[in-house]
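Data from model_25.csv: CSV, C-alpha atoms
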```csv
chain,number,residue,atom,x,y,z
A,494,MET,CA,-79.7,33.6,-32.9
A,495,ILE,CA,-83.5,33.5,-32.6
A,496,VAL,CA,-85.0,30.1,-32.8
A,497,PRO,CA,-87.9,30.4,-35.3
A,498,LYS,CA,-91.2,29.4,-33.8
A,499,LEU,CA,-93.0,26.6,-35.6
A,500,ASN,CA,-96.7,27.2,-36.1
A,501,ARG,CA,-98.7,24.5,-37.7
A,502,TRP,CA,-100.9,25.5,-40.6
A,503,GLU,CA,-104.5,24.6,-39.9
A,504,ALA,CA,-107.6,24.1,-41.9
A,505,GLY,CA,-109.0,27.5,-42.9
A,506,ASP,CA,-105.6,29.3,-42.7
A,507,GLN,CA,-105.0,31.6,-45.6
A,508,PRO,CA,-101.5,31.5,-47.0
A,509,ASN,CA,-99.5,34.7,-46.6
A,510,ASP,CA,-95.9,35.9,-46.7
A,511,VAL,CA,-95.5,35.5,-42.9
A,512,MET,CA,-96.3,31.8,-43.0
A,513,PHE,CA,-93.9,31.1,-45.9
A,514,ASN,CA,-91.1,33.4,-44.5
A,515,THR,CA,-91.4,31.6,-41.1
A,516,LEU,CA,-91.1,28.3,-42.9
A,517,MET,CA,-88.0,29.5,-44.7
A,518,ASP,CA,-86.5,30.9,-41.5
A,519,VAL,CA,-86.9,27.4,-39.9
A,520,VAL,CA,-85.2,25.7,-42.8
A,521,GLU,CA,-82.4,28.2,-42.8
A,522,PHE,CA,-81.9,27.8,-39.1
A,523,VAL,CA,-81.8,24.1,-39.2
A,524,ASN,CA,-79.4,24.2,-42.2
A,525,ASP,CA,-77.1,26.7,-40.5
A,526,PRO,CA,-77.6,26.5,-36.8
A,527,PRO,CA,-75.6,28.2,-34.0
A,528,GLN,CA,-72.1,26.6,-34.1
A,529,GLY,CA,-68.6,27.4,-33.4
A,530,HIS,CA,-65.0,26.1,-33.7
A,531,PHE,CA,-62.2,27.6,-31.6
A,532,THR,CA,-58.6,26.7,-31.1
A,533,THR,CA,-55.6,27.8,-29.1
A,534,GLY,CA,-53.9,28.7,-32.3
A,535,THR,CA,-50.1,28.9,-31.9
A,536,SER,CA,-50.3,29.8,-28.3
A,537,THR,CA,-49.2,27.3,-25.7
A,538,PRO,CA,-51.0,28.3,-22.5
A,539,ALA,CA,-49.5,27.1,-19.2
A,540,MET,CA,-51.5,24.6,-17.1
A,541,ALA,CA,-50.7,24.6,-13.4
A,542,SER,CA,-49.9,21.4,-11.6
A,543,GLY,CA,-52.4,19.8,-9.2
A,544,GLY,CA,-55.4,21.9,-10.1
A,545,TRP,CA,-58.0,22.6,-12.8
A,546,THR,CA,-57.0,25.5,-15.1
A,547,PRO,CA,-59.4,27.1,-17.6
A,548,ILE,CA,-57.8,27.1,-21.0
A,549,PRO,CA,-57.6,30.5,-22.8
A,550,PHE,CA,-58.4,30.3,-26.5
A,551,THR,CA,-57.1,32.6,-29.2
A,552,THR,CA,-58.4,31.7,-32.6
A,553,VAL,CA,-61.9,31.6,-34.1
A,554,VAL,CA,-62.4,29.2,-37.0
A,555,LYS,CA,-66.1,29.6,-37.0
A,556,ASP,CA,-68.5,31.6,-34.8
A,557,ARG,CA,-72.1,31.6,-36.2
A,558,GLU,CA,-73.4,33.7,-33.4
A,559,PHE,CA,-70.8,36.4,-34.3
A,560,GLU,CA,-71.9,36.3,-37.9
A,561,TYR,CA,-75.5,36.8,-36.8
A,562,ASP,CA,-74.8,39.5,-34.2
A,563,PRO,CA,-71.2,40.7,-33.7
A,564,LEU,CA,-72.2,42.1,-30.3
A,565,ASN,CA,-73.1,38.6,-29.0
A,566,PRO,CA,-70.5,36.1,-30.1
A,567,ILE,CA,-69.9,32.7,-28.6
A,568,TRP,CA,-66.3,33.7,-27.9
A,569,SER,CA,-64.4,36.9,-27.6
A,570,VAL,CA,-60.9,38.0,-26.6
A,571,ALA,CA,-62.4,39.8,-23.6
A,572,ALA,CA,-63.2,36.5,-22.0
A,573,PRO,CA,-60.8,34.0,-23.7
A,574,THR,CA,-61.7,31.0,-21.6
A,575,ALA,CA,-65.5,31.3,-21.9
A,576,PHE,CA,-67.9,30.1,-24.6
A,577,PHE,CA,-71.2,31.8,-24.3
A,578,ILE,CA,-74.5,30.2,-25.3
A,579,ARG,CA,-76.7,32.8,-27.1
A,580,THR,CA,-79.3,30.3,-28.3
A,581,LYS,CA,-80.8,27.7,-25.9
A,582,GLY,CA,-80.9,24.1,-26.9
A,583,TRP,CA,-79.0,20.9,-27.2
A,584,TYR,CA,-75.5,21.2,-28.5
A,585,GLU,CA,-73.0,18.7,-29.7
A,586,LEU,CA,-69.6,19.4,-28.3
A,587,GLU,CA,-66.3,18.0,-29.4
A,588,LEU,CA,-63.3,18.8,-27.1
A,589,ALA,CA,-59.6,18.2,-27.6
A,590,THR,CA,-56.6,19.1,-25.5
A,591,SER,CA,-53.1,18.7,-27.0
A,592,TRP,CA,-50.4,17.9,-24.4
A,593,PRO,CA,-46.6,17.8,-24.6
A,594,SER,CA,-44.6,14.6,-24.5
A,595,ALA,CA,-43.6,12.7,-21.5
A,596,THR,CA,-40.3,14.6,-21.3
A,597,PHE,CA,-42.4,17.3,-19.7
A,598,GLY,CA,-43.4,15.0,-16.8
A,599,THR,CA,-45.3,11.8,-16.4
A,600,SER,CA,-48.6,12.3,-14.8
A,601,ARG,CA,-52.2,11.8,-15.9
A,602,ARG,CA,-53.6,14.6,-18.1
A,603,GLN,CA,-57.3,15.4,-18.0
A,604,HIS,CA,-59.8,17.8,-19.3
A,605,ALA,CA,-63.3,18.6,-18.2
A,606,ILE,CA,-66.1,21.1,-18.8
A,607,ARG,CA,-67.0,23.7,-16.3
A,608,ILE,CA,-70.4,25.4,-16.7
A,609,ASN,CA,-71.1,28.9,-15.4
A,610,GLY,CA,-67.8,29.1,-13.5
A,611,ALA,CA,-68.9,27.3,-10.4
A,612,ALA,CA,-66.3,24.8,-9.2
A,613,THR,CA,-69.0,22.4,-8.1
A,614,THR,CA,-70.5,22.1,-11.6
A,615,ASP,CA,-67.5,20.6,-13.3
A,616,TYR,CA,-69.3,18.7,-16.0
A,617,ARG,CA,-68.7,14.9,-16.0
A,618,ALA,CA,-66.1,15.1,-18.6
A,619,ARG,CA,-63.1,13.9,-16.8
A,620,TYR,CA,-60.9,11.8,-19.0
A,621,ASP,CA,-57.7,10.2,-18.1
A,622,LEU,CA,-54.6,9.3,-20.0
A,623,ARG,CA,-51.1,8.0,-19.4
A,624,VAL,CA,-48.7,10.4,-20.8
A,625,ASP,CA,-46.8,7.7,-22.5
A,626,GLY,CA,-49.9,7.1,-24.6
A,627,GLN,CA,-51.5,9.4,-27.1
A,628,PRO,CA,-50.8,13.0,-26.1
A,629,MET,CA,-54.1,14.3,-27.4
A,630,LEU,CA,-57.3,13.9,-25.4
A,631,ARG,CA,-60.5,14.0,-27.4
A,632,ASN,CA,-64.1,13.3,-26.4
A,633,ALA,CA,-67.6,14.4,-27.3
A,634,TYR,CA,-70.8,15.3,-25.4
A,635,ASP,CA,-74.3,16.5,-25.9
A,636,ILE,CA,-75.4,19.1,-23.4
A,637,TYR,CA,-78.5,21.2,-23.0
A,638,PHE,CA,-77.6,24.9,-22.4
A,639,ASP,CA,-79.9,27.8,-21.4
A,640,ALA,CA,-79.3,31.1,-23.2
A,641,GLY,CA,-76.9,33.2,-21.2
A,642,SER,CA,-74.9,30.3,-19.8
A,643,TYR,CA,-71.3,29.7,-20.6
A,644,PHE,CA,-68.8,26.9,-20.3
A,645,GLU,CA,-65.1,26.5,-20.2
A,646,LEU,CA,-62.7,23.7,-21.1
A,647,MET,CA,-60.5,22.9,-18.1
A,648,ALA,CA,-57.2,21.1,-18.0
A,649,TRP,CA,-55.5,19.2,-15.2
A,650,GLN,CA,-52.1,17.6,-14.8
A,651,ALA,CA,-50.0,16.7,-11.8
A,652,THR,CA,-46.4,16.6,-13.0
A,653,GLY,CA,-45.3,18.8,-10.1
A,654,SER,CA,-44.7,21.9,-12.2
A,655,SER,CA,-46.6,24.0,-14.7
A,656,ILE,CA,-46.5,22.7,-18.3
A,657,ASN,CA,-47.7,24.2,-21.5
A,658,LEU,CA,-50.3,22.8,-23.8
A,659,PHE,CA,-48.8,21.7,-27.1
A,660,ASP,CA,-49.1,23.5,-30.4
A,661,GLY,CA,-49.8,20.6,-32.7
A,662,GLY,CA,-48.9,22.7,-35.8
A,663,SER,CA,-52.2,22.6,-37.5
A,664,THR,CA,-55.8,23.3,-36.6
A,665,GLY,CA,-56.7,19.6,-36.3
A,666,SER,CA,-53.9,19.0,-33.8
A,667,ARG,CA,-54.5,21.9,-31.5
A,668,THR,CA,-56.5,22.2,-28.4
A,669,SER,CA,-60.0,23.0,-29.6
A,670,VAL,CA,-63.7,23.3,-28.9
A,671,ARG,CA,-66.3,22.6,-31.5
A,672,MET,CA,-70.0,23.0,-30.8
A,673,LYS,CA,-73.2,22.8,-32.8
A,674,TRP,CA,-76.8,23.4,-31.9
A,675,TYR,CA,-79.1,20.6,-33.0
A,676,SER,CA,-82.3,20.5,-31.0
A,677,LEU,CA,-84.8,22.6,-29.0
B,441,MET,CA,-93.4,10.2,-31.4
B,442,SER,CA,-92.9,8.6,-34.8
B,443,LEU,CA,-90.8,9.5,-37.8
B,444,PRO,CA,-92.8,11.6,-40.2
B,445,ILE,CA,-92.9,10.4,-43.7
B,446,ALA,CA,-91.7,12.8,-46.4
B,447,SER,CA,-94.4,13.4,-48.9
B,448,THR,CA,-94.3,13.7,-52.6
B,449,TRP,CA,-96.4,16.5,-54.0
B,450,TYR,CA,-98.1,16.4,-57.4
B,451,ASP,CA,-99.2,18.9,-60.0
B,452,ALA,CA,-102.8,19.3,-61.0
B,453,PRO,CA,-104.8,17.6,-62.4
B,454,ASP,CA,-103.5,14.7,-60.4
B,455,PRO,CA,-106.1,14.2,-57.6
B,456,ALA,CA,-103.2,13.9,-55.1
B,457,SER,CA,-102.4,17.5,-55.8
B,458,ILE,CA,-105.4,18.7,-54.0
B,459,LEU,CA,-104.2,19.5,-50.5
B,460,THR,CA,-105.6,21.8,-47.8
B,461,TYR,CA,-103.2,24.0,-45.9
B,462,GLU,CA,-103.8,21.7,-43.0
B,463,ASP,CA,-102.3,18.9,-45.2
B,464,TYR,CA,-99.3,21.1,-46.2
B,465,GLY,CA,-98.9,22.1,-42.6
B,466,ARG,CA,-98.9,18.5,-41.4
B,467,GLN,CA,-96.4,17.4,-44.0
B,468,ILE,CA,-94.0,20.3,-43.6
B,469,PHE,CA,-94.2,21.2,-40.0
B,470,ASP,CA,-94.3,17.7,-38.6
B,471,MET,CA,-91.1,17.0,-40.4
B,472,LEU,CA,-89.4,20.1,-39.2
B,473,ASP,CA,-90.8,19.7,-35.7
B,474,PHE,CA,-89.3,16.2,-35.6
B,475,LEU,CA,-85.9,17.4,-36.9
B,476,THR,CA,-85.7,20.2,-34.3
B,477,LYS,CA,-86.9,18.0,-31.4
B,478,PRO,CA,-85.5,14.5,-32.1
B,479,PRO,CA,-85.8,11.7,-29.6
B,480,ILE,CA,-83.1,11.9,-26.9
B,481,VAL,CA,-82.3,9.5,-24.1
B,482,HIS,CA,-79.5,9.8,-21.5
B,483,VAL,CA,-79.2,7.3,-18.7
B,484,VAL,CA,-76.6,7.0,-15.9
B,485,SER,CA,-75.4,4.0,-13.9
B,486,THR,CA,-75.4,5.0,-10.2
B,487,GLY,CA,-75.6,1.5,-8.7
B,488,ALA,CA,-72.7,-0.5,-7.3
B,489,GLN,CA,-71.8,-2.9,-10.0
B,490,THR,CA,-68.9,-5.4,-10.0
B,491,TYR,CA,-66.8,-6.5,-12.9
B,492,LEU,CA,-65.3,-10.0,-12.6
B,493,ASN,CA,-61.9,-10.6,-14.0
B,494,ASN,CA,-61.8,-11.3,-17.7
B,495,THR,CA,-65.6,-11.4,-18.0
B,496,TRP,CA,-67.8,-9.2,-20.2
B,497,THR,CA,-70.5,-7.4,-18.2
B,498,PHE,CA,-73.3,-5.3,-19.4
B,499,LEU,CA,-73.6,-1.9,-17.7
B,500,GLN,CA,-76.9,-1.3,-15.9
B,501,PHE,CA,-78.5,2.1,-15.6
B,502,GLN,CA,-80.6,3.4,-12.8
B,503,ARG,CA,-80.9,7.2,-13.3
B,504,VAL,CA,-82.7,8.8,-16.2
B,505,ILE,CA,-81.5,12.3,-17.1
B,506,ILE,CA,-83.8,12.6,-20.1
B,507,ASP,CA,-85.9,10.1,-22.1
B,508,THR,CA,-88.2,11.9,-24.5
B,509,ASP,CA,-89.8,8.8,-26.0
B,510,GLY,CA,-89.6,6.0,-23.5
B,511,PHE,CA,-86.5,4.2,-24.8
B,512,PHE,CA,-85.4,3.2,-21.4
B,513,ASP,CA,-87.3,0.7,-19.2
B,514,PRO,CA,-86.1,0.5,-15.6
B,515,ALA,CA,-87.2,-3.1,-15.6
B,516,VAL,CA,-84.6,-3.8,-18.2
B,517,PRO,CA,-81.8,-1.7,-16.9
B,518,GLY,CA,-79.0,-3.1,-19.1
B,519,GLN,CA,-80.2,-1.6,-22.3
B,520,VAL,CA,-81.7,1.3,-24.2
B,521,LEU,CA,-84.2,0.4,-26.9
B,522,PRO,CA,-84.8,3.2,-29.5
B,523,THR,CA,-88.1,2.3,-31.1
B,524,ILE,CA,-87.9,4.9,-33.8
B,525,PRO,CA,-85.7,3.8,-36.7
B,526,GLY,CA,-82.8,5.9,-37.8
B,527,TRP,CA,-79.2,6.7,-37.5
B,528,TYR,CA,-78.4,7.7,-34.0
B,529,LYS,CA,-75.5,9.7,-32.6
B,530,GLY,CA,-74.4,9.2,-29.1
B,531,TRP,CA,-71.6,8.8,-26.6
B,532,TYR,CA,-71.0,6.8,-23.6
B,533,GLY,CA,-68.7,6.8,-20.6
B,534,VAL,CA,-67.4,4.1,-18.2
B,535,GLY,CA,-66.0,4.7,-14.8
B,536,TRP,CA,-63.8,2.1,-13.0
B,537,ASN,CA,-63.4,2.4,-9.3
B,538,THR,CA,-60.0,2.4,-7.5
B,539,ALA,CA,-58.8,-1.1,-6.6
B,540,ALA,CA,-55.7,-3.0,-5.8
B,541,LEU,CA,-53.9,-3.9,-9.0
B,542,ALA,CA,-56.1,-1.5,-10.9
B,543,GLY,CA,-53.0,0.0,-12.4
B,544,THR,CA,-52.4,-3.3,-14.2
B,545,GLY,CA,-54.2,-5.0,-17.0
B,546,MET,CA,-56.5,-3.6,-19.6
B,547,ARG,CA,-60.0,-2.0,-19.7
B,548,PHE,CA,-62.3,-2.9,-22.6
B,549,ASN,CA,-65.4,-0.9,-23.4
B,550,THR,CA,-67.7,-2.0,-26.3
B,551,LEU,CA,-70.9,-0.6,-27.7
B,552,THR,CA,-73.2,-3.5,-28.6
B,553,THR,CA,-76.5,-3.6,-30.5
B,554,GLN,CA,-78.9,-6.5,-30.4
B,555,ASN,CA,-81.2,-8.2,-32.8
B,556,PRO,CA,-78.8,-9.2,-34.4
B,557,THR,CA,-75.9,-8.8,-32.0
B,558,VAL,CA,-73.3,-6.4,-33.3
B,559,LEU,CA,-70.2,-5.5,-31.4
B,560,TYR,CA,-68.8,-2.1,-32.4
B,561,ASP,CA,-65.3,-0.9,-31.9
B,562,THR,CA,-63.8,-1.8,-28.6
B,563,LEU,CA,-61.9,0.8,-26.7
B,564,HIS,CA,-58.8,-0.8,-25.2
B,565,ARG,CA,-56.9,1.1,-22.5
B,566,ARG,CA,-54.4,0.2,-20.0
B,567,GLY,CA,-55.2,0.7,-16.3
B,568,THR,CA,-53.5,3.7,-15.1
B,569,ASP,CA,-53.4,3.9,-11.3
B,570,ALA,CA,-54.5,1.9,-8.3
B,571,SER,CA,-55.2,5.1,-6.4
B,572,PHE,CA,-57.4,6.9,-8.8
B,573,PRO,CA,-60.5,5.9,-10.8
B,574,ASP,CA,-60.1,5.2,-14.5
B,575,ILE,CA,-62.7,7.3,-16.2
B,576,TYR,CA,-63.3,7.0,-19.9
B,577,LYS,CA,-66.0,9.6,-21.0
B,578,GLY,CA,-67.4,11.1,-24.1
B,579,ILE,CA,-66.8,8.2,-26.4
B,580,ARG,CA,-68.6,9.2,-29.6
B,581,PHE,CA,-70.4,6.8,-31.9
B,582,GLU,CA,-72.9,6.8,-34.7
B,583,VAL,CA,-75.1,3.7,-35.2
B,584,PRO,CA,-78.0,2.7,-37.5
B,585,LEU,CA,-80.9,1.2,-35.6
B,586,THR,CA,-84.0,-0.4,-37.1
B,587,GLY,CA,-86.4,0.3,-34.2
B,588,ASN,CA,-86.1,-3.0,-32.4
B,589,GLN,CA,-82.4,-3.1,-31.7
B,590,ALA,CA,-81.4,-2.5,-28.1
B,591,VAL,CA,-78.2,-0.6,-27.4
B,592,GLN,CA,-75.9,-1.8,-24.6
B,593,ILE,CA,-72.4,-1.1,-23.2
B,594,GLN,CA,-70.2,-4.0,-22.3
B,595,VAL,CA,-67.1,-3.8,-20.3
B,596,LYS,CA,-64.3,-6.2,-19.3
B,597,GLN,CA,-61.1,-6.0,-17.3
B,598,ASP,CA,-58.2,-8.4,-16.8
B,599,THR,CA,-56.4,-7.2,-13.7
B,600,GLY,CA,-56.8,-10.6,-12.1
B,601,ASN,CA,-59.1,-9.2,-9.5
B,602,THR,CA,-62.7,-8.2,-9.3
B,603,MET,CA,-63.3,-4.5,-9.9
B,604,SER,CA,-66.3,-2.2,-9.4
B,605,GLN,CA,-67.9,0.7,-11.0
B,606,ALA,CA,-67.1,4.2,-9.9
B,607,THR,CA,-70.2,5.8,-8.4
B,608,ALA,CA,-68.8,8.8,-6.4
B,609,SER,CA,-70.4,11.4,-8.6
B,610,ILE,CA,-71.7,11.9,-12.1
B,611,GLU,CA,-68.2,12.9,-13.2
B,612,GLN,CA,-67.2,9.3,-12.6
B,613,GLN,CA,-70.4,7.3,-13.2
B,614,SER,CA,-70.9,5.3,-16.4
B,615,GLU,CA,-73.5,6.7,-18.8
B,616,LEU,CA,-75.1,6.3,-22.2
B,617,PHE,CA,-76.5,9.1,-24.4
B,618,LEU,CA,-78.4,8.6,-27.7
B,619,ARG,CA,-80.2,11.0,-30.0
B,620,TRP,CA,-82.0,10.4,-33.3
B,621,TRP,CA,-79.8,11.9,-36.1
B,622,LYS,CA,-81.2,11.1,-39.5
B,623,PRO,CA,-83.3,8.6,-41.4
B,624,LEU,CA,-81.9,5.2,-42.3
```

Once more with this new file: its structure as C-alpha cells, please.
Amino acid sequence: MIVPKLNRWEAGDQPNDVMFNTLMDVVEFVNDPPQGHFTTGTSTPAMASGGWTPIPFTTVVKDREFEYDPLNPIWSVAAPTAFFIRTKGWYELELATSWPSATFGTSRRQHAIRINGAATTDYRARYDLRVDGQPMLRNAYDIYFDAGSYFELMAWQATGSSINLFDGGSTGSRTSVRMKWYSL
Amino acid sequence: MSLPIASTWYDAPDPASILTYEDYGRQIFDMLDFLTKPPIVHVVSTGAQTYLNNTWTFLQFQRVIIDTDGFFDPAVPGQVLPTIPGWYKGWYGVGWNTAALAGTGMRFNTLTTQNPTVLYDTLHRRGTDASFPDIYKGIRFEVPLTGNQAVQIQVKQDTGNTMSQATASIEQQSELFLRWWKPL
C-alpha cells in the first residue's frame, strides 16, 4: 500500500479537494493499515531435527496487501514460507508454532524469525520450551521493515528425527503469523 | 514530542468557530502525525549481569536500538521512563546463561512500573537445560503510564547458585520494547 503523505495546512492555504482527500486517505490508512493473518491450515509440515526449518504456510485469513493489489500480496503459494513487506514501517508481529506431544520426542522446541533469508540474520526470537509443558509457542515482536524485505518463521527441534507440526484443529490453535503495520 | 490535544470545533457564531486553515492543520495533522509516528523505545542488555539465588534483580540496559523521545537515560540503566502519558504496548525478553544446575529451579520474569510500584504478571518457567541458555523472548504486555512511571523488568531464579545473563548475541540478550499505543 502507499503511505499517504501528511502535509500540514499552513496560513494562506486555500482548501481544495486534494487537501481533504489526502486527509481522508490518511484516516483510512490508519484505520485499515497493511496487515495479515496466515496459518498452516490443516497441513502438518515436517520439521527436521537439529536445524532451523522455514515453515510453509497454506492459509490466508487476511492479507490487506492482496486486497489493495493482488499482484503484490504479503503471502502467496509461490513462496509459502515468506511474508513480504510491501509497505515500510513498524509492524506488530504475533507468532505461534503448534507442536505435537511428548510422545513424538522430548527435546526443546523453538521458533525464530529470519529476515531476508540470510542465516546470520535470524531475528532474536528464540524461544525455548520443555515439551512436557505447553505444546504451543507464542510470542510477539515489533520490527521495522523496509519495503521489499521479507521474513520467515523458522522452527527448531532436536528429537533426533523429523517431526510434524501439530494441526490444532482450529485457526486459533494452529501455527500462525499475524502482522499489522502501525507506524512510519 | 507531546500528545496533541483533540480539539472541539464549534459552529458560528461562536467566536471559537473562527479558525484559520493553519489552525485546522495543526489540530488535524498534529494528531495524525502523532498517531502514525508514536514514541518508540527499544533497549537491550549487553552487559554481564549476575543474578543471585532467590533474589529479585532489575535488568540493566546498555544498548539503545531506538529511542525517539529520550525515554532511556544511560545514567539510569535499570529503567525506561516514558514521559508521554498513554497506554503503551510492548514486549520484553530475558536471557539466562548456561550454568551448572541451570536445569533445575524456576525462572521468574516480571514487568514492574514505579510511582506507585506495580508488579504485573510474573512469568514462571522451569529451567530447562544446564548446557543451553534459557531464552524467554517476545513477552507481550500492554500497560497504562501516566508520564512519570518508570518501566522495569525484574528477574529471579532459585537454582541454589548464582546465574548470569546471556550476552552472546542479540538473539539471547535481554531487552525491552515500548511504544505509545493510545491515550489514557

Shell of 7 Å around segment 589-597 of chain B, only C-alpha atoms, local chain residues under 2 positions omitted, as a list in words
Tyr491, Asn493, Asn494, Thr495, Trp496, Thr497, Phe498, Leu499, Gly518, Gln519, Val520, Leu521, Pro522, Gly545, Met546, Arg547, Phe548, Asn549, Thr550, Leu551, Thr552, Thr553, Gln554, Asn555, Leu585, Thr586, Gly587 and Thr599 of chain B

With C-alpha atoms retained, write the just-selected residues as a PDB file, in the coordinates of the input.
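What landed in again-v9.pdb:
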```
ATOM      1  CA  TYR B 491     -66.800  -6.500 -12.900  1.00  0.00           C
ATOM      2  CA  ASN B 493     -61.900 -10.600 -14.000  1.00  0.00           C
ATOM      3  CA  ASN B 494     -61.800 -11.300 -17.700  1.00  0.00           C
ATOM      4  CA  THR B 495     -65.600 -11.400 -18.000  1.00  0.00           C
ATOM      5  CA  TRP B 496     -67.800  -9.200 -20.200  1.00  0.00           C
ATOM      6  CA  THR B 497     -70.500  -7.400 -18.200  1.00  0.00           C
ATOM      7  CA  PHE B 498     -73.300  -5.300 -19.400  1.00  0.00           C
ATOM      8  CA  LEU B 499     -73.600  -1.900 -17.700  1.00  0.00           C
ATOM      9  CA  GLY B 518     -79.000  -3.100 -19.100  1.00  0.00           C
ATOM     10  CA  GLN B 519     -80.200  -1.600 -22.300  1.00  0.00           C
ATOM     11  CA  VAL B 520     -81.700   1.300 -24.200  1.00  0.00           C
ATOM     12  CA  LEU B 521     -84.200   0.400 -26.900  1.00  0.00           C
ATOM     13  CA  PRO B 522     -84.800   3.200 -29.500  1.00  0.00           C
ATOM     14  CA  GLY B 545     -54.200  -5.000 -17.000  1.00  0.00           C
ATOM     15  CA  MET B 546     -56.500  -3.600 -19.600  1.00  0.00           C
ATOM     16  CA  ARG B 547     -60.000  -2.000 -19.700  1.00  0.00           C
ATOM     17  CA  PHE B 548     -62.300  -2.900 -22.600  1.00  0.00           C
ATOM     18  CA  ASN B 549     -65.400  -0.900 -23.400  1.00  0.00           C
ATOM     19  CA  THR B 550     -67.700  -2.000 -26.300  1.00  0.00           C
ATOM     20  CA  LEU B 551     -70.900  -0.600 -27.700  1.00  0.00           C
ATOM     21  CA  THR B 552     -73.200  -3.500 -28.600  1.00  0.00           C
ATOM     22  CA  THR B 553     -76.500  -3.600 -30.500  1.00  0.00           C
ATOM     23  CA  GLN B 554     -78.900  -6.500 -30.400  1.00  0.00           C
ATOM     24  CA  ASN B 555     -81.200  -8.200 -32.800  1.00  0.00           C
ATOM     25  CA  LEU B 585     -80.900   1.200 -35.600  1.00  0.00           C
ATOM     26  CA  THR B 586     -84.000  -0.400 -37.100  1.00  0.00           C
ATOM     27  CA  GLY B 587     -86.400   0.300 -34.200  1.00  0.00           C
ATOM     28  CA  THR B 599     -56.400  -7.200 -13.700  1.00  0.00           C
TER      29      THR B 599
END
```

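Across the structure, atom CA of Phe577 of chain A and atom CA of Phe469 of chain B are spaced 29.8 Å apart.
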
Report as a ChimeraX atom specification the set of chain B residues whose atoms approach chain A to within 9 Å, with distances computed over all atoms listed in the file. /B:460-466,468-470,472-473,475-478,530-533,565-568,573-580,609-613,617

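For the pair atom CA of Tyr528 of chain B and atom CA of Arg671 of chain A, the separation is 19.4 Å.
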
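Residues within 8 Å of Asn609 of chain A, counting all atoms listed in the file and excluding same-chain residues fewer than 2 positions away, are Arg607, Ala611, Thr614, Ser642, Tyr643 and Phe644 of chain A.
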
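Atom CA of Leu492 of chain B is found 4.6 Å from atom CA of Thr602 of chain B.
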
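All residues of protein, DNA or RNA that reach within 8 Å of segment 564-567 of chain A, judged by all atoms listed in the file and not counting those fewer than 4 positions away in the chain, are A:Gly529, A:Asp556, A:Arg557, A:Glu558, A:Phe559, A:Glu560, A:Phe576, A:Phe577, A:Ile578, A:Arg579.
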